[in-house]
file protein.csv (CSV, C-alpha atoms and all ligand atoms)
chain,number,residue,atom,x,y,z
A,1,MET,CA,4.6,-14.0,11.6
A,2,ILE,CA,4.9,-12.4,8.2
A,3,GLU,CA,1.4,-11.7,6.8
A,4,VAL,CA,2.0,-8.9,4.3
A,5,GLY,CA,4.3,-8.8,1.4
A,6,VAL,CA,5.5,-5.3,0.5
A,7,ILE,CA,7.0,-5.4,-3.0
A,8,MET,CA,8.2,-2.8,-5.4
A,9,GLY,CA,9.5,-2.6,-8.9
A,10,SER,CA,12.8,-1.0,-7.9
A,11,ASP,CA,14.6,-0.1,-4.8
A,12,SER,CA,14.2,3.5,-6.0
A,13,ASP,CA,10.5,3.2,-4.9
A,14,TRP,CA,11.5,2.6,-1.3
A,15,PRO,CA,11.2,6.3,-0.2
A,16,VAL,CA,7.5,6.1,-1.0
A,17,MET,CA,6.9,2.4,-0.1
A,18,ARG,CA,8.5,2.7,3.3
A,19,LEU,CA,5.4,4.6,4.4
A,20,ALA,CA,3.5,1.3,4.0
A,21,ALA,CA,6.0,-0.5,6.1
A,22,GLU,CA,5.8,2.2,8.8
A,23,ALA,CA,2.0,1.8,9.0
A,24,LEU,CA,2.4,-1.9,9.4
A,25,ASP,CA,5.0,-1.4,12.1
A,26,GLU,CA,2.6,0.9,14.0
A,27,PHE,CA,0.0,-2.0,14.2
A,28,GLY,CA,2.6,-4.7,14.9
A,29,VAL,CA,1.8,-6.5,11.7
A,30,GLY,CA,4.6,-8.7,10.3
A,31,TYR,CA,5.8,-8.0,6.8
A,32,GLU,CA,8.6,-8.6,4.3
A,33,VAL,CA,10.0,-6.2,1.8
A,34,ARG,CA,11.2,-7.3,-1.6
A,35,VAL,CA,12.2,-5.8,-5.0
A,36,VAL,CA,10.2,-7.7,-7.6
A,37,SER,CA,9.6,-6.5,-11.1
A,38,ALA,CA,7.2,-7.8,-13.7
A,39,HIS,CA,9.3,-6.2,-16.4
A,40,ARG,CA,12.8,-6.9,-15.2
A,41,THR,CA,12.3,-10.1,-13.3
A,42,PRO,CA,9.2,-11.7,-14.7
A,43,HIS,CA,10.0,-15.3,-13.5
A,44,LEU,CA,10.8,-14.1,-10.0
A,45,MET,CA,7.5,-12.1,-10.0
A,46,LEU,CA,5.5,-15.2,-11.0
A,47,ASP,CA,7.3,-17.3,-8.4
A,48,TYR,CA,6.7,-14.7,-5.7
A,49,ALA,CA,3.0,-14.5,-6.5
A,50,GLY,CA,2.6,-18.2,-6.9
A,51,ASP,CA,4.2,-19.1,-3.6
A,52,ALA,CA,2.6,-16.3,-1.5
A,53,VAL,CA,-0.2,-18.3,-0.1
A,54,ALA,CA,1.9,-21.3,0.8
A,55,ARG,CA,4.4,-18.9,2.5
A,56,GLY,CA,1.6,-17.6,4.8
A,57,LEU,CA,1.1,-14.2,3.2
A,58,LYS,CA,-2.5,-12.7,3.5
A,59,VAL,CA,-2.1,-9.5,1.6
A,60,ILE,CA,0.3,-8.1,-0.9
A,61,ILE,CA,1.1,-4.4,-1.3
A,62,ALA,CA,2.7,-3.7,-4.7
A,63,GLY,CA,4.2,-0.4,-5.6
A,64,ALA,CA,5.6,0.7,-9.0
A,65,GLY,CA,6.2,3.8,-11.0
A,66,GLY,CA,5.8,4.6,-14.7
A,67,ALA,CA,4.5,1.6,-16.7
A,68,ALA,CA,3.4,0.0,-13.4
A,69,HIS,CA,2.4,-3.5,-14.4
A,70,LEU,CA,3.6,-5.2,-11.2
A,71,PRO,CA,0.5,-4.9,-9.1
A,72,GLY,CA,-1.8,-6.2,-11.8
A,73,MET,CA,0.5,-9.0,-12.9
A,74,VAL,CA,0.9,-10.1,-9.3
A,75,ALA,CA,-2.9,-10.0,-8.8
A,76,SER,CA,-3.3,-12.2,-11.9
A,77,ALA,CA,-1.0,-14.9,-10.3
A,78,THR,CA,-2.3,-15.0,-6.7
A,79,PRO,CA,-5.7,-15.3,-5.1
A,80,LEU,CA,-4.6,-12.9,-2.3
A,81,PRO,CA,-5.8,-9.3,-2.1
A,82,VAL,CA,-3.4,-7.0,-3.8
A,83,ILE,CA,-3.1,-3.3,-3.0
A,84,GLY,CA,-1.5,-1.2,-5.7
A,85,VAL,CA,0.6,1.9,-5.0
A,86,PRO,CA,1.2,4.3,-7.9
A,87,VAL,CA,4.7,5.6,-7.3
A,88,PRO,CA,5.3,9.1,-8.8
A,89,LEU,CA,8.4,9.5,-11.0
A,90,LYS,CA,10.2,12.5,-12.4
A,91,TYR,CA,7.9,12.7,-15.5
A,92,LEU,CA,4.1,12.7,-15.5
A,93,ASP,CA,3.8,13.1,-11.7
A,94,GLY,CA,2.6,9.5,-11.1
A,95,LEU,CA,-0.4,9.8,-13.4
A,96,ASP,CA,1.1,7.2,-15.6
A,97,SER,CA,1.5,4.8,-12.7
A,98,LEU,CA,-2.0,5.5,-11.5
A,99,MET,CA,-3.5,4.8,-14.9
A,100,SER,CA,-1.4,1.6,-15.3
A,101,ILE,CA,-2.6,0.2,-12.0
A,102,VAL,CA,-6.2,1.4,-11.6
A,103,GLN,CA,-7.8,0.3,-14.9
A,104,MET,CA,-7.7,-3.4,-14.3
A,105,PRO,CA,-9.9,-5.7,-16.5
A,106,ALA,CA,-12.9,-7.2,-14.7
A,107,GLY,CA,-12.0,-10.4,-12.8
A,108,ILE,CA,-8.6,-9.3,-11.6
A,109,PRO,CA,-9.0,-6.7,-8.8
A,110,VAL,CA,-6.3,-4.4,-7.5
A,111,ALA,CA,-7.2,-2.0,-4.7
A,112,THR,CA,-5.4,1.1,-5.9
A,113,VAL,CA,-4.6,3.8,-3.5
A,114,SER,CA,-3.7,7.4,-4.4
A,115,ILE,CA,-0.4,8.5,-6.1
A,116,GLY,CA,2.2,8.0,-3.4
A,117,GLY,CA,-0.4,6.7,-1.0
A,118,ALA,CA,1.7,4.0,0.5
A,119,ARG,CA,0.6,4.8,4.1
A,120,ASN,CA,-3.0,4.2,3.2
A,121,ALA,CA,-1.9,0.9,1.5
A,122,GLY,CA,-0.4,-0.2,4.8
A,123,LEU,CA,-3.5,0.9,6.7
A,124,LEU,CA,-5.8,-0.9,4.2
A,125,ALA,CA,-3.7,-4.1,4.7
A,126,VAL,CA,-4.2,-3.8,8.4
A,127,ARG,CA,-7.9,-3.4,8.0
A,128,ILE,CA,-8.1,-6.5,5.7
A,129,LEU,CA,-6.3,-8.5,8.4
A,130,ALA,CA,-8.3,-7.0,11.2
A,131,ALA,CA,-11.6,-8.3,9.7
A,132,THR,CA,-10.7,-11.7,11.1
A,133,ASP,CA,-8.5,-10.6,14.0
A,134,PRO,CA,-10.5,-9.0,16.9
A,135,ALA,CA,-7.3,-7.7,18.7
A,136,LEU,CA,-6.2,-5.9,15.5
A,137,LEU,CA,-9.7,-4.6,14.9
A,138,ALA,CA,-9.6,-3.0,18.4
A,139,LYS,CA,-6.3,-1.3,17.4
A,140,VAL,CA,-7.9,0.0,14.2
A,141,ARG,CA,-10.8,1.4,16.3
A,142,ASP,CA,-8.3,3.1,18.7
A,143,PHE,CA,-6.5,4.6,15.7
A,144,GLN,CA,-9.7,6.0,14.3
A,145,GLU,CA,-10.4,7.5,17.7
A,146,SER,CA,-7.0,9.1,17.8
A,147,LEU,CA,-7.7,10.7,14.5
A,148,ARG,CA,-11.0,12.1,15.8
A,149,ALA,CA,-9.3,13.4,18.9
A,150,MET,CA,-6.5,15.0,16.8
A,151,VAL,CA,-9.1,16.8,14.6
A,152,ALA,CA,-11.0,18.0,17.7
A,153,GLU,CA,-7.8,19.3,19.2
A,154,LYS,CA,-6.9,21.2,16.1
A,155,ASP,CA,-10.4,22.6,15.8
A,156,ALA,CA,-10.3,23.8,19.4
A,157,ALA,CA,-6.9,25.4,18.9
A,158,LEU,CA,-8.0,27.2,15.7
A,159,SER,CA,-11.2,28.5,17.4
A,160,ALA,CA,-9.2,29.7,20.4
A,161,SER,CA,-6.8,31.6,18.1
A,162,LEU,CA,-9.5,33.5,16.4
A,163,VAL,CA,-10.5,36.9,17.7
A,164,ALA,CA,-14.0,36.8,19.0
A,165,PRO,CA,-16.3,39.2,17.0
A,166,GLU,CA,-17.5,42.3,18.9
A,201,LIG,N1,6.9,-0.3,-13.1
A,201,LIG,C1,8.0,-1.0,-12.9
A,201,LIG,C2,8.1,-2.4,-12.9
A,201,LIG,C3,7.0,-3.3,-13.2
A,201,LIG,O1,5.8,-2.9,-13.3
A,201,LIG,O2,7.2,-4.5,-13.3
A,201,LIG,N2,9.3,-2.7,-12.7
A,201,LIG,C4,10.0,-1.6,-12.4
A,201,LIG,N3,9.2,-0.6,-12.5
A,201,LIG,C5,9.4,0.8,-12.2
A,201,LIG,O3,10.4,1.5,-12.9
A,201,LIG,C6,10.7,2.7,-12.1
A,201,LIG,C7,12.2,3.1,-12.4
A,201,LIG,O4,13.0,2.1,-11.8
A,201,LIG,P1,14.6,2.4,-11.7
A,201,LIG,O5,14.7,3.6,-10.7
A,201,LIG,O6,15.2,1.1,-11.1
A,201,LIG,O7,15.1,2.8,-13.0
A,201,LIG,C8,10.4,2.3,-10.7
A,201,LIG,O8,9.4,3.3,-10.2
A,201,LIG,C9,9.9,0.9,-10.7
A,201,LIG,O9,8.8,0.7,-9.9
call {"tool": "encode", "arguments": {"input": "protein.csv", "output": "structure tokens"}}
result
Amino acid sequence: MIEVGVIMGSDSDWPVMRLAAEALDEFGVGYEVRVVSAHRTPHLMLDYAGDAVARGLKVIIAGAGGAAHLPGMVASATPLPVIGVPVPLKYLDGLDSLMSIVQMPAGIPVATVSIGGARNAGLLAVRILAATDPALLAKVRDFQESLRAMVAEKDAALSASLVAPE
């Protein structure tokens, strides 16, 4: 079952956006990947956003670089939650993408993650779905526990590597 749409303004965004897909894979969440651009394919973008609910999508992750209008425009044309990923480009280090995505006008929310933060976008989509899916929620809890265990392990290894004071 495809529940998440992972879309991006260009295939050149894929090296960043694949991190969202990998996170969804880890949790067994079904998704599709599409190149959709508000600037280059405005009619496709409106069709994609307009059909998303009928096609069974629950969350859309939209990544774009530069003048990144895709996440906000998709959010304006669908009632689904939209997570925006600012993709860093050669110039301006992704600050342009961040500013383009994060400062939405009141009424049209986009949940913006950090610059290049596609993994967190995938994990946030999982959490949104998990709110109404007890089995997925249990997986999120297990994942959180694995993070806690990882930190505890690193903490113990660091402590053990330090020379004890006289
Ligand atoms: N920001 C947008 C939009 C949009 O917002 O509609 N469409 C493409 N782009 C971005 O242009 C950058 C360069 O694209 P190319 O590499 O194809 O020239 C990409 O990061 C893409 O997300």
call {"tool": "closest_residue", "arguments": {"input": "protein.csv", "among": "A:Ala62, A:Ala68, A:Leu136, A:Val33", "to": "ligand LIG 201 (chain A)", "atoms": "all atoms listed in the file"}}
result
A:Ala68
call {"tool": "closest_atom_pairs", "arguments": {"input": "protein.csv", "of": "chain A", "to": "ligand LIG 201 (chain A)", "cutoff": "7 Å", "atoms": "all atoms listed in the file", "output": "CSV"}}
result
residue,atom,partner,partner_atom,distance
A:Met8,CA,A:LIG201,O9,5.7
A:Gly9,CA,A:LIG201,O9,3.5
A:Ser10,CA,A:LIG201,C9,4.5
A:Asp11,CA,A:LIG201,O6,6.4
A:Ser12,CA,A:LIG201,O5,4.7
A:Asp13,CA,A:LIG201,O8,5.4
A:Ser37,CA,A:LIG201,O2,3.8
A:Ala38,CA,A:LIG201,O2,3.3
A:His39,CA,A:LIG201,O2,4.1
A:Arg40,CA,A:LIG201,N2,6.0
A:Gly63,CA,A:LIG201,O9,6.4
A:Ala64,CA,A:LIG201,O9,3.3
A:Gly65,CA,A:LIG201,O8,3.3
A:Gly66,CA,A:LIG201,N1,5.3
A:Ala67,CA,A:LIG201,N1,4.7
A:Ala68,CA,A:LIG201,N1,3.5
A:His69,CA,A:LIG201,O1,3.6
A:Leu70,CA,A:LIG201,O1,3.8
A:Val87,CA,A:LIG201,O8,6.0
A:Leu89,CA,A:LIG201,O8,6.3
call {"tool": "write_last_selection", "arguments": {"input": "protein.csv", "atoms": "C-alpha atoms", "output": "mmCIF file, in the frame of the given file"}}
result
data_model
loop_
_atom_site.group_PDB
_atom_site.id
_atom_site.type_symbol
_atom_site.label_atom_id
_atom_site.label_comp_id
_atom_site.auth_asym_id
_atom_site.auth_seq_id
_atom_site.Cartn_x
_atom_site.Cartn_y
_atom_site.Cartn_z
ATOM 1 C CA MET A 8 8.200 -2.800 -5.400
ATOM 2 C CA GLY A 9 9.500 -2.600 -8.900
ATOM 3 C CA SER A 10 12.800 -1.000 -7.900
ATOM 4 C CA ASP A 11 14.600 -0.100 -4.800
ATOM 5 C CA SER A 12 14.200 3.500 -6.000
ATOM 6 C CA ASP A 13 10.500 3.200 -4.900
ATOM 7 C CA SER A 37 9.600 -6.500 -11.100
ATOM 8 C CA ALA A 38 7.200 -7.800 -13.700
ATOM 9 C CA HIS A 39 9.300 -6.200 -16.400
ATOM 10 C CA ARG A 40 12.800 -6.900 -15.200
ATOM 11 C CA GLY A 63 4.200 -0.400 -5.600
ATOM 12 C CA ALA A 64 5.600 0.700 -9.000
ATOM 13 C CA GLY A 65 6.200 3.800 -11.000
ATOM 14 C CA GLY A 66 5.800 4.600 -14.700
ATOM 15 C CA ALA A 67 4.500 1.600 -16.700
ATOM 16 C CA ALA A 68 3.400 0.000 -13.400
ATOM 17 C CA HIS A 69 2.400 -3.500 -14.400
ATOM 18 C CA LEU A 70 3.600 -5.200 -11.200
ATOM 19 C CA VAL A 87 4.700 5.600 -7.300
ATOM 20 C CA LEU A 89 8.400 9.500 -11.000
#
call {"tool": "closest_residue", "arguments": {"input": "protein.csv", "among": "A:Val110, A:Ala121, A:Ile83, A:Met45", "to": "Ala21 (chain A)", "atoms": "only C-alpha atoms"}}
result
A:Ala121
call {"tool": "closest_residue", "arguments": {"input": "protein.csv", "among": "A:Pro15, A:Gly84, A:Gly94, A:Gly50", "to": "Gly122 (chain A)", "atoms": "all atoms listed in the file"}}
result
A:Gly84
call {"tool": "closest_residue", "arguments": {"input": "protein.csv", "among": "A:Ala118, A:Ile7, A:Val151, A:Ile101", "to": "Val59 (chain A)", "atoms": "only C-alpha atoms"}}
result
A:Ile7
call {"tool": "atom_distance", "arguments": {"input": "protein.csv", "atom1": "CA of Met73 (chain A)", "atom2": "CA of Met104 (chain A)"}}
result
10.0 Å
call {"tool": "closest_residue", "arguments": {"input": "protein.csv", "among": "A:Pro86, A:Gly5, A:Gly28, A:Gly72", "to": "Val113 (chain A)", "atoms": "only C-alpha atoms"}}
result
A:Pro86
